[in-house]
Amino acid sequence: MAGQFKYGVSLYSYTEDFGSIMTLEDGFDHAADTGATGIEILGETHVECYPEPTSQWLDRWFGLLDQHKLEPTNMCSWVDTKLRLGQQLTVEEGAAELERDLRLAHRLGFKFLRPKFGVIDAQLTPDPIWSGAVERVLDLANTFDIVICPEIHSPTPIRHPAVEGYIDFIERTGTPNFRLLIDTGIFQNRPLKGWQHEVPEGDSDHAKLINGIAVDPEEFLDIAKYVAFIQAKFHYINDDLQCENIPWDKIIPVLKRAGFDGYLSSEYEGAREPWVAIDQVRRQHVMMRRLEAEYDAAHADTAGA
Amino acid sequence: MYEYQLIQATGFRNYGPVEAREGVEVRLRLPNYRGMRLSLLDGVDVTIDGEFFSYEINKLRLHGEVYDLEAMRDATTVRWAVGDFGSVLVPKAGGLAPGIHHVKVAARTRSPYFPPHLQPLPVNGERLATIVLP
């Protein structure tokens, strides 16, 4: 059947566990047991001796991929434009950050690289060096067959100058190596309960992050052709397998209608406590698979026609 | 492996000559979910039993090197990785008496992808911790 999702897990989901009660081996075990076929990581978190892992670590990495039959999906990276206090990175320095991570992602077998660019204002406008920096590494990304995909993440909605800028870049360069990554947190339309965020209470972004910016899932259709990867952000799946904050029953049918057949990579970002994420990710996978199956069943006739 | 809390129980100790302690070390896990270059940490505020010690005077020991605030801001090639411990050196002449103390820290972390008015953001920790030796 056309347009089947691929299911993955980001080890970011286990942020509250990793390093204190969870090893890399544990993370792979938990991710694989959901039935996922792909694993997503944060380079600076999950790669020992980043950005130059030892050969022993690389053996461990490829051993785990083999053992658990997981493929590397997306590696998250950062372009720390404010690495120095009060001074921005130059275009060349930004390109060097991207090149460093493209090379690492390629060594580890990733097909997507998500750079998080620094921003310059409260509207979260990415530092203007981003386009020059990306342009300088497009050939390298092409050689490595890696798609660089910046993340559209709450509180930045789909209809935003930053997204327009990324789409203009794709159109202008005609590159196949730059696309969008959508974080499903932008669709959150019900408030988080008892959630701690690093953004202080009272800040204008705090309310957006707690209540959600409630982007209409239908808007995905406007940009679907530019989207390469989806981080399936969620915060809490209750005992009835209902997500309490994000309208998955609206999102999944839209993704299906758009013909999306890439990864839904679980990204749990709920209560900041250890021992919670492992089962939350499992619940989300049941929920997403159910919704996809329901859509497919309802459209079986159309698909076969 | 880290203890779950930001402030680690082990590593909370006096430093300096035994007869003339210079201060107190507070061992932390990485105050971020991702490894970071040290220049993204803009010092650490510490409060011990209600006494405040500013990020401007506290130093940090990482991988055996000691950084004051200026050195930290210049450390654009030093990485504090997941799994590494960092110890905040709090200048408190005489150190602390053995026993249980109330410790609070705010690790001032800069995330360039956060809006400018939210940089740095404090990563906070608070706990009771035990000094074993004088």
# chains A, B, ... in the order shown; residues from 1 in each chain; ligands from 1

$ interface_residues --of "chain B" --to "chain A" --cutoff "9 Å" --atoms "only C-alpha atoms" --output "PDB file with N, CA and C atoms, in the first residue's frame"
ATOM      1  N   MET B   1      28.337   6.406  35.831  1.00  0.00           N
ATOM      2  CA  MET B   1      26.976   6.920  35.628  1.00  0.00           C
ATOM      3  C   MET B   1      26.697   8.080  36.600  1.00  0.00           C
ATOM      4  N   TYR B   2      25.863   8.965  36.144  1.00  0.00           N
ATOM      5  CA  TYR B   2      25.464  10.078  36.998  1.00  0.00           C
ATOM      6  C   TYR B   2      24.451   9.619  38.047  1.00  0.00           C
ATOM      7  N   GLU B   3      24.454  10.348  39.174  1.00  0.00           N
ATOM      8  CA  GLU B   3      23.267  10.347  40.011  1.00  0.00           C
ATOM      9  C   GLU B   3      22.225  11.157  39.236  1.00  0.00           C
ATOM     10  N   TYR B   4      20.948  10.873  39.424  1.00  0.00           N
ATOM     11  CA  TYR B   4      19.938  11.568  38.627  1.00  0.00           C
ATOM     12  C   TYR B   4      19.955  13.085  38.847  1.00  0.00           C
ATOM     13  N   GLN B   5      20.136  13.492  40.089  1.00  0.00           N
ATOM     14  CA  GLN B   5      20.052  14.925  40.390  1.00  0.00           C
ATOM     15  C   GLN B   5      21.233  15.700  39.797  1.00  0.00           C
ATOM     16  N   TYR B  33      20.953  18.848  28.321  1.00  0.00           N
ATOM     17  CA  TYR B  33      20.620  17.523  27.794  1.00  0.00           C
ATOM     18  C   TYR B  33      21.557  17.127  26.660  1.00  0.00           C
ATOM     19  N   ARG B  34      22.391  18.043  26.252  1.00  0.00           N
ATOM     20  CA  ARG B  34      23.354  17.731  25.199  1.00  0.00           C
ATOM     21  C   ARG B  34      24.733  18.163  25.671  1.00  0.00           C
ATOM     22  N   GLY B  35      25.762  17.452  25.213  1.00  0.00           N
ATOM     23  CA  GLY B  35      27.108  17.899  25.510  1.00  0.00           C
ATOM     24  C   GLY B  35      27.280  19.293  24.941  1.00  0.00           C
ATOM     25  N   MET B  36      28.116  20.095  25.594  1.00  0.00           N
ATOM     26  CA  MET B  36      28.240  21.476  25.099  1.00  0.00           C
ATOM     27  C   MET B  36      29.659  21.974  25.274  1.00  0.00           C
ATOM     28  N   ARG B  37      29.951  22.958  24.452  1.00  0.00           N
ATOM     29  CA  ARG B  37      31.233  23.618  24.632  1.00  0.00           C
ATOM     30  C   ARG B  37      31.131  24.511  25.866  1.00  0.00           C
ATOM     31  N   SER B  39      32.090  27.317  26.693  1.00  0.00           N
ATOM     32  CA  SER B  39      31.766  28.746  26.584  1.00  0.00           C
ATOM     33  C   SER B  39      30.257  28.986  26.626  1.00  0.00           C
ATOM     34  N   LEU B  40      29.463  27.920  26.495  1.00  0.00           N
ATOM     35  CA  LEU B  40      28.002  28.079  26.586  1.00  0.00           C
ATOM     36  C   LEU B  40      27.521  28.041  28.042  1.00  0.00           C
ATOM     37  N   ASP B  42      27.732  30.009  31.395  1.00  0.00           N
ATOM     38  CA  ASP B  42      28.160  31.329  31.855  1.00  0.00           C
ATOM     39  C   ASP B  42      28.207  31.356  33.382  1.00  0.00           C
ATOM     40  N   ARG B  73      34.250  31.600  29.499  1.00  0.00           N
ATOM     41  CA  ARG B  73      33.686  32.266  28.317  1.00  0.00           C
ATOM     42  C   ARG B  73      34.589  32.114  27.099  1.00  0.00           C
ATOM     43  N   ASP B  74      35.889  31.917  27.355  1.00  0.00           N
ATOM     44  CA  ASP B  74      36.828  31.749  26.240  1.00  0.00           C
ATOM     45  C   ASP B  74      36.947  30.299  25.784  1.00  0.00           C
ATOM     46  N   ALA B  75      36.352  29.383  26.550  1.00  0.00           N
ATOM     47  CA  ALA B  75      36.605  27.951  26.307  1.00  0.00           C
ATOM     48  C   ALA B  75      35.698  27.421  25.195  1.00  0.00           C
ATOM     49  N   THR B  76      35.937  27.900  23.982  1.00  0.00           N
ATOM     50  CA  THR B  76      35.069  27.527  22.856  1.00  0.00           C
ATOM     51  C   THR B  76      35.460  26.180  22.252  1.00  0.00           C
ATOM     52  N   ARG B  79      34.974  20.708  25.567  1.00  0.00           N
ATOM     53  CA  ARG B  79      33.630  20.126  25.608  1.00  0.00           C
ATOM     54  C   ARG B  79      33.323  19.526  26.967  1.00  0.00           C
ATOM     55  N   ALA B  81      31.052  16.920  28.119  1.00  0.00           N
ATOM     56  CA  ALA B  81      30.257  15.869  27.472  1.00  0.00           C
ATOM     57  C   ALA B  81      29.338  15.206  28.489  1.00  0.00           C
ATOM     58  N   VAL B  82      28.305  14.544  27.971  1.00  0.00           N
ATOM     59  CA  VAL B  82      27.444  13.719  28.826  1.00  0.00           C
ATOM     60  C   VAL B  82      28.325  12.674  29.506  1.00  0.00           C
ATOM     61  N   GLY B  83      28.188  12.542  30.807  1.00  0.00           N
ATOM     62  CA  GLY B  83      28.990  11.574  31.548  1.00  0.00           C
ATOM     63  C   GLY B  83      30.142  12.218  32.304  1.00  0.00           C
ATOM     64  N   ARG B 110      23.723  28.888  28.256  1.00  0.00           N
ATOM     65  CA  ARG B 110      23.253  29.622  27.074  1.00  0.00           C
ATOM     66  C   ARG B 110      22.903  28.645  25.956  1.00  0.00           C
ATOM     67  N   SER B 111      21.688  28.755  25.440  1.00  0.00           N
ATOM     68  CA  SER B 111      21.271  27.949  24.297  1.00  0.00           C
ATOM     69  C   SER B 111      21.025  28.916  23.143  1.00  0.00           C
ATOM     70  N   PRO B 112      21.923  28.946  22.160  1.00  0.00           N
ATOM     71  CA  PRO B 112      21.785  29.944  21.089  1.00  0.00           C
ATOM     72  C   PRO B 112      20.452  29.889  20.341  1.00  0.00           C
ATOM     73  N   TYR B 113      19.742  28.773  20.407  1.00  0.00           N
ATOM     74  CA  TYR B 113      18.474  28.702  19.682  1.00  0.00           C
ATOM     75  C   TYR B 113      17.311  29.228  20.513  1.00  0.00           C
ATOM     76  N   PHE B 114      17.567  29.622  21.745  1.00  0.00           N
ATOM     77  CA  PHE B 114      16.545  30.291  22.551  1.00  0.00           C
ATOM     78  C   PHE B 114      16.584  31.780  22.256  1.00  0.00           C
ATOM     79  N   PRO B 115      15.430  32.468  22.402  1.00  0.00           N
ATOM     80  CA  PRO B 115      15.442  33.907  22.139  1.00  0.00           C
ATOM     81  C   PRO B 115      16.436  34.620  23.056  1.00  0.00           C
ATOM     82  N   PRO B 116      16.993  35.730  22.562  1.00  0.00           N
ATOM     83  CA  PRO B 116      18.075  36.412  23.289  1.00  0.00           C
ATOM     84  C   PRO B 116      17.732  36.729  24.744  1.00  0.00           C
ATOM     85  N   HIS B 117      16.458  37.065  25.027  1.00  0.00           N
ATOM     86  CA  HIS B 117      16.144  37.453  26.402  1.00  0.00           C
ATOM     87  C   HIS B 117      16.134  36.248  27.352  1.00  0.00           C
ATOM     88  N   LEU B 118      16.250  35.059  26.819  1.00  0.00           N
ATOM     89  CA  LEU B 118      16.285  33.870  27.682  1.00  0.00           C
ATOM     90  C   LEU B 118      17.691  33.250  27.726  1.00  0.00           C
ATOM     91  N   LEU B 121      19.854  30.821  30.610  1.00  0.00           N
ATOM     92  CA  LEU B 121      18.769  30.307  31.449  1.00  0.00           C
ATOM     93  C   LEU B 121      19.396  29.485  32.567  1.00  0.00           C
ATOM     94  N   PRO B 122      18.920  29.679  33.797  1.00  0.00           N
ATOM     95  CA  PRO B 122      19.489  28.876  34.874  1.00  0.00           C
ATOM     96  C   PRO B 122      18.974  27.440  34.832  1.00  0.00           C
ATOM     97  N   VAL B 123      19.879  26.499  34.927  1.00  0.00           N
ATOM     98  CA  VAL B 123      19.493  25.105  35.138  1.00  0.00           C
ATOM     99  C   VAL B 123      19.678  24.870  36.633  1.00  0.00           C
TER     100      VAL B 123
END

$ residues_around --residues "His102 of chain B" --least-positions-apart "3" --cutoff "12 Å" --atoms "only C-alpha atoms" --output "list in words"
Ile7, Ala9, Phe12, Val26, Val46, Thr47, Ile48, Asp49, Gly50, Glu51, Phe52, Leu96, Gly99, Val105, Gly125, Glu126, Arg127, Leu128, Ala129, Thr130 and Ile131 of chain B

$ write_last_selection --atoms "C-alpha atoms" --output "CSV table (one decimal), in the first residue's frame"
chain,number,residue,atom,x,y,z
B,7,ILE,CA,24.0,18.1,42.3
B,9,ALA,CA,26.2,13.5,46.5
B,12,PHE,CA,30.6,17.5,47.8
B,26,VAL,CA,30.0,21.0,44.5
B,46,VAL,CA,25.7,28.5,44.4
B,47,THR,CA,23.8,29.0,47.7
B,48,ILE,CA,25.0,26.9,50.7
B,49,ASP,CA,22.9,27.0,53.9
B,50,GLY,CA,21.4,30.3,52.7
B,51,GLU,CA,24.8,32.0,51.9
B,52,PHE,CA,25.0,33.1,48.3
B,96,LEU,CA,32.1,23.5,55.8
B,99,GLY,CA,27.3,17.1,58.3
B,105,VAL,CA,22.9,25.8,42.3
B,125,GLY,CA,19.4,22.0,41.3
B,126,GLU,CA,18.7,21.9,45.1
B,127,ARG,CA,19.3,19.2,47.6
B,128,LEU,CA,20.6,18.2,51.0
B,129,ALA,CA,24.1,17.0,50.7
B,130,THR,CA,26.7,15.7,53.1
B,131,ILE,CA,30.2,16.8,53.9

$ select_by_dssp --residues "segment 1-117 of chain B" --states "alpha helix (DSSP H)" --output "list in words"
Leu69, Glu70, Ala71, Met72, Arg73 and Asp74 of chain B

$ residues_around --residues "segment 53-64 of chain A" --least-positions-apart "3" --cutoff "9 Å" --atoms "only C-alpha atoms" --output "list of chain:residue names"
A:Leu24, A:Glu25, A:Phe28, A:Asp29, A:Val47, A:Glu48, A:Cys49, A:Tyr50, A:Gln67, A:His68, A:Lys69, A:Leu70, A:Leu104, A:Arg107, A:Leu108

$ atom_distance --atom1 "atom CA of Phe5 of chain A" --atom2 "atom CA of Ile252 of chain A"
9.8 Å

$ select_by_dssp --residues "segment 7-94 of chain A" --states "strand (DSSP E)" --output "list in words"
Tyr7, Gly8, Val9, Ser10, Gly38, Ile39, Glu40, Ile41, Leu42, Glu71, Pro72, Thr73, Asn74, Met75, Cys76, Ser77, Trp78 and Val79 of chain A

$ write_last_selection --atoms "N, CA and C atoms" --output "short mmCIF file (atom, residue, chain, number, x, y, z; two decimals), in the first residue's frame"
data_model
loop_
_atom_site.label_atom_id
_atom_site.label_comp_id
_atom_site.auth_asym_id
_atom_site.auth_seq_id
_atom_site.Cartn_x
_atom_site.Cartn_y
_atom_site.Cartn_z
N TYR A 7 8.29 3.80 11.35
CA TYR A 7 8.26 4.18 12.77
C TYR A 7 9.65 4.14 13.39
N GLY A 8 9.98 5.20 14.08
CA GLY A 8 11.29 5.28 14.72
C GLY A 8 11.17 5.81 16.14
N VAL A 9 12.28 5.81 16.81
CA VAL A 9 12.35 6.38 18.17
C VAL A 9 13.59 7.25 18.25
N SER A 10 13.41 8.44 18.81
CA SER A 10 14.57 9.27 19.12
C SER A 10 15.02 8.96 20.54
N GLY A 38 13.80 2.44 12.96
CA GLY A 38 14.81 3.50 12.87
C GLY A 38 15.13 4.10 14.21
N ILE A 39 16.35 4.57 14.34
CA ILE A 39 16.76 5.20 15.59
C ILE A 39 17.35 6.58 15.29
N GLU A 40 16.94 7.54 16.09
CA GLU A 40 17.39 8.92 15.95
C GLU A 40 18.20 9.28 17.19
N ILE A 41 19.23 10.07 17.01
CA ILE A 41 20.05 10.45 18.18
C ILE A 41 20.37 11.94 18.15
N LEU A 42 20.92 12.40 19.26
CA LEU A 42 21.54 13.72 19.32
C LEU A 42 23.04 13.47 19.31
N GLU A 71 17.88 1.06 11.73
CA GLU A 71 18.69 1.90 10.84
C GLU A 71 18.79 3.30 11.44
N PRO A 72 19.94 3.94 11.26
CA PRO A 72 20.07 5.31 11.73
C PRO A 72 19.19 6.21 10.87
N THR A 73 18.38 7.03 11.51
CA THR A 73 17.51 7.92 10.74
C THR A 73 18.09 9.33 10.74
N ASN A 74 17.83 10.06 11.82
CA ASN A 74 18.22 11.47 11.88
C ASN A 74 19.20 11.69 13.02
N MET A 75 20.22 12.51 12.73
CA MET A 75 21.11 12.93 13.82
C MET A 75 20.87 14.42 14.05
N CYS A 76 20.59 14.76 15.29
CA CYS A 76 20.36 16.16 15.64
C CYS A 76 21.69 16.84 15.94
N SER A 77 21.82 18.06 15.43
CA SER A 77 23.04 18.81 15.67
C SER A 77 22.69 20.26 15.96
N TRP A 78 23.67 21.03 16.31
CA TRP A 78 23.47 22.45 16.64
C TRP A 78 24.50 23.29 15.91
N VAL A 79 24.05 24.44 15.44
CA VAL A 79 24.98 25.45 14.93
C VAL A 79 24.94 26.56 15.97
#

$ residues_around --residues "Ala107 of chain B" --least-positions-apart "6" --cutoff "7 Å" --atoms "only C-alpha atoms" --output "list in words"
Pro31, Gly43, Val44, Asp45, Pro122, Val123 and Asn124 of chain B

$ decode --residues "segment 43-65 of chain B" --atoms "N, CA and C atoms" --output "compact mmCIF listing (two decimals), in the first residue's frame"
# COMPACT_ATOMS: atom_id res chain seq x y z
N GLY B 43 28.94 30.43 33.93
CA GLY B 43 29.14 30.41 35.37
C GLY B 43 28.00 29.73 36.12
N VAL B 44 28.24 29.51 37.41
CA VAL B 44 27.27 28.77 38.25
C VAL B 44 27.10 29.51 39.58
N ASP B 45 25.88 29.92 39.87
CA ASP B 45 25.56 30.48 41.19
C ASP B 45 25.38 29.33 42.18
N VAL B 46 25.87 29.52 43.39
CA VAL B 46 25.71 28.48 44.42
C VAL B 46 25.23 29.13 45.71
N THR B 47 24.28 28.50 46.37
CA THR B 47 23.84 28.95 47.69
C THR B 47 23.98 27.77 48.65
N ILE B 48 24.76 28.00 49.72
CA ILE B 48 24.96 26.92 50.69
C ILE B 48 24.44 27.40 52.04
N ASP B 49 23.50 26.67 52.59
CA ASP B 49 22.88 27.02 53.88
C ASP B 49 22.48 28.50 53.89
N GLY B 50 21.93 28.96 52.78
CA GLY B 50 21.43 30.32 52.70
C GLY B 50 22.48 31.36 52.30
N GLU B 51 23.73 30.99 52.24
CA GLU B 51 24.78 31.96 51.89
C GLU B 51 25.02 31.89 50.38
N PHE B 52 24.92 33.04 49.72
CA PHE B 52 24.98 33.09 48.25
C PHE B 52 26.40 33.34 47.75
N PHE B 53 26.80 32.58 46.75
CA PHE B 53 28.11 32.75 46.10
C PHE B 53 27.85 32.93 44.60
N SER B 54 28.26 34.08 44.08
CA SER B 54 27.91 34.45 42.72
C SER B 54 28.71 33.68 41.67
N TYR B 55 28.09 33.52 40.51
CA TYR B 55 28.76 32.90 39.36
C TYR B 55 30.03 33.65 38.98
N GLU B 56 30.11 34.92 39.39
CA GLU B 56 31.29 35.70 39.02
C GLU B 56 32.52 35.33 39.85
N ILE B 57 32.30 34.72 41.00
CA ILE B 57 33.47 34.35 41.82
C ILE B 57 33.70 32.84 41.88
N ASN B 58 32.68 32.06 41.60
CA ASN B 58 32.86 30.61 41.63
C ASN B 58 33.64 30.17 40.39
N LYS B 59 34.43 29.14 40.56
CA LYS B 59 35.18 28.59 39.42
C LYS B 59 34.65 27.18 39.13
N LEU B 60 35.11 26.65 38.01
CA LEU B 60 34.67 25.30 37.63
C LEU B 60 35.90 24.46 37.32
N ARG B 61 35.91 23.24 37.85
CA ARG B 61 36.96 22.31 37.47
C ARG B 61 36.36 21.24 36.57
N LEU B 62 36.94 21.11 35.39
CA LEU B 62 36.46 20.13 34.42
C LEU B 62 37.68 19.44 33.82
N HIS B 63 37.67 18.14 33.80
CA HIS B 63 38.81 17.37 33.27
C HIS B 63 40.12 17.80 33.92
N GLY B 64 40.07 18.18 35.19
CA GLY B 64 41.30 18.55 35.90
C GLY B 64 41.75 19.99 35.70
N GLU B 65 41.11 20.72 34.81
CA GLU B 65 41.46 22.13 34.59
C GLU B 65 40.49 23.02 35.35
